[in-house]
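Below: the structure, in structure tokens.
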Amino acid sequence: MSHLLTGADDGYIRNYDIFPAVNGKNFLTAPQRHHAGVVEGILKSGQLRFWWENPTPPNPSGSSVDEESSLSSVTSLAIHSDALWALAGSENGAINLFTVRHDPGTLCYTMQGHRRPVSALALDHDEKSFFSAGWDGDAIHWDLNTGQRTRTFTAHGAQLTAIAVRPMNVVHPTTSSSNLVKSDPLQSSVGVNENPATDKAPPQSSAPDGEGGSDDGSFDDLFDEPEGPPSNTAKASSSFVTGPPVATAPQIQQQQRPNIGGIAPPKNAPPVLTSDYYSIFSPDTLMTAAIDGQIVLWDKRVNTPGAGVGRLWMNEKTPPWCLSACWSPDGGRIYAGRRNGTIDVWDVRQLGRSAPSNTPRLLKTLRNPASSGVVSCVVAFPDNKHIACASIDNLRLWNVDAVDSDSSKPKSGVQFKIIPGHHGGYISNLLVDPGCRFLVSASSNRGWHGESTRTVFVHDIKHVP
């Protein structure tokens with residue numbers, strides 16, 4: 001990772017060189033450390049390599065605009081694995097393609113499809129196409145060879161906050177009943193036995209530390225729906241095989257247990273993802289997260305509106321707010337940050353227990369201190385055990401497998417570690433390089449309401465034997 005790109009609301013993209021900055025001898029001055037919010041310790045300054053403008057697309061009417069208004073705020077970034085080119089999502093909905101390594105900053109093409117800011121970008125595995133998510137509620141698949149959209153994923157219209165392609169190194173179970181583990185809510189749980197070295201699941205889902213779901217102040221009259229009939233959402237994994245037709249929505253609802261409450265689905269929301277429906281999904285799956293808290297999975301092969309899509313089940317006490325969600329490196333889990341300072345952990349390879357018995361299992365809920373604030377960003381580490389989450393006060397490192405989800409057992413000590421650096425602002429992005437050498441954190445509110453420090457930290461990861 002020798003190229004680090006940053007974008008901001010001033011309309012400029014900056015390219016930093018990581019290794020000279022980490023190994024160099026240029027340190028931050030006292031005013032710079034004060035601006036970054038870190039007044040103790042010695043911090044090295046970044047080495048700026050290039051910078052360029054993120055222009056606004058030409059006005060179709062041909063009217064002239066001044067130079068300042070011709071730049072558009074950068075709301076999302078994605079870069080090629082060999083740093084040949086980069087994509088920049090803009091506040092006006094356009095996506096610009098720039099060169100990076102050779103003749104950096106040259107604008108090659110502009111793709112226009114979103115009507116509002118582009119909140120997230122994700123490259124496909126072959127890097128010949130990519131996915132974009134916008135405030136207009138649409139996720140678009142783009143072909144980089146032609147610059148045209150291939151498919152538009154439209155759910156229920158809520159602003160999309162995150163988009164991610166499922167990692168390719170995932171172990172997919174078959175659709176036989178012996179491999180899809182179903183945990184009855186009234187019985188003890190069973191672990192997946194396909195790959196004992198990596199697929200051991202932690203215990204059942206957790207409840208707040210001595211709290212009920214609504215006692216933590218997460219209920220919101222503006223967003224939260226009143227209690228209604230159970231709506232069960234979830235997801236289970238399996239490889240694509242030829243099988244019987246998928247059950248219809250009424251049949252799916254009849255299969256779900258009526259005694260487990262869930263959040264009433266938003267208007268025009270896709271159906272809850274069940275094992276029968278998910279069994280014919282391709283392993284190559286797309287995940288999107290919306291501002292109202294819904295996590296939706298899409299079968300990338302399906303080009304029929306309303307088909308090949310399902311949302312994860314959410315408990316009735318889950319707050320309707322999510323700014324960040326990501327896959328685990330093995331593609332078996334999904335982590336989602338919530339407004340009440342928690343991180344939900346789903347296992348798409350197991351069914352039931354804390355969710356309806358035929359939906360993907362909510363393994364546990366990681367709970368930050370009540371004073372930490374909302375979880376604005378979350379990222380998984382390549383070891384498939386640790387995650388880093390960002391709150392208003394600090395970054396925290398969790399060992400997910402080591403956290404006991406049984407709330408009845410006494411907890412000894414702190415279950416997380418503090419990552420020093422950011423304090424007092426929203427984190428717009430967290431990035432761990434594939435070699436797990438650096439953790440990069442950037443502070444911005446991404447256009448939503450909230451304070452930010454407008455600072456990027458590069459953390460050196462030390463491996464503890």
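In the structure tokens, chains take letters A, B, ... by order of appearance, with residues numbered from 1 within each chain and ligands from 1 in the order shown.
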Problem - Long-range neighbours of range 3-16 of chain A as a VMD selection string, 10 Å cut-off, only C-alpha atoms, 2 positions minimum in chain - result: chain A and resid 1 18 to 21 46 to 56 68 to 79 81 to 83 86 88 to 91 100 to 101 104 to 105 440 442 444 446 to 447 454 456 458
Handout entry: Nearest residue to Ile387 in chain A from the set A:Trp142, A:Phe457, A:Phe416, A:Phe131 (distances using only C-alpha atoms)
Key = A:Phe416
Exercise for the section: Measure the distance from CA of Cys108 in chain A to CA of Arg149 in chain A in Å and round it to one decimal. Expected result: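 Rounded to one decimal, the two atoms are 16.7 Å apart.
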Problem - d(CA of Lys417 in chain A, CA of Phe27 in chain A) in Å - result: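 One can read the CA of Lys417 in chain A to CA of Phe27 in chain A distance as 26.2 Å.
Separating CA of Ile334 in chain A from CA of Ala155 in chain A is a distance of 19.1 Å.
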Practice task
Tell me, as a VMD selection string, which residues lie within 7 Å of Ser372 in chain A, counting only C-alpha atoms; anything in the same chain fewer than 2 positions away does not count.
Solution key: chain A and resid 341 368 to 370 374 391 to 393
Fill in the blank from the handout: Using only C-alpha atoms, the residue out of A:Asn384, A:Gln415, A:Thr152, A:Asn23 with shortest distance to Ala133 in chain A is A:Thr152
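Residue nearest Leu84 in chain A within the list A:Thr110, A:Val432, A:Leu160, A:Glu127: A:Glu127 [criterion: smallest interatomic distance, only C-alpha atoms].
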Handout entry: Residue neighbourhood Lys385 in chain A, 7 Å, only C-alpha atoms, exclusion window fewer than 5 positions, as a count of residues only
Key = 3
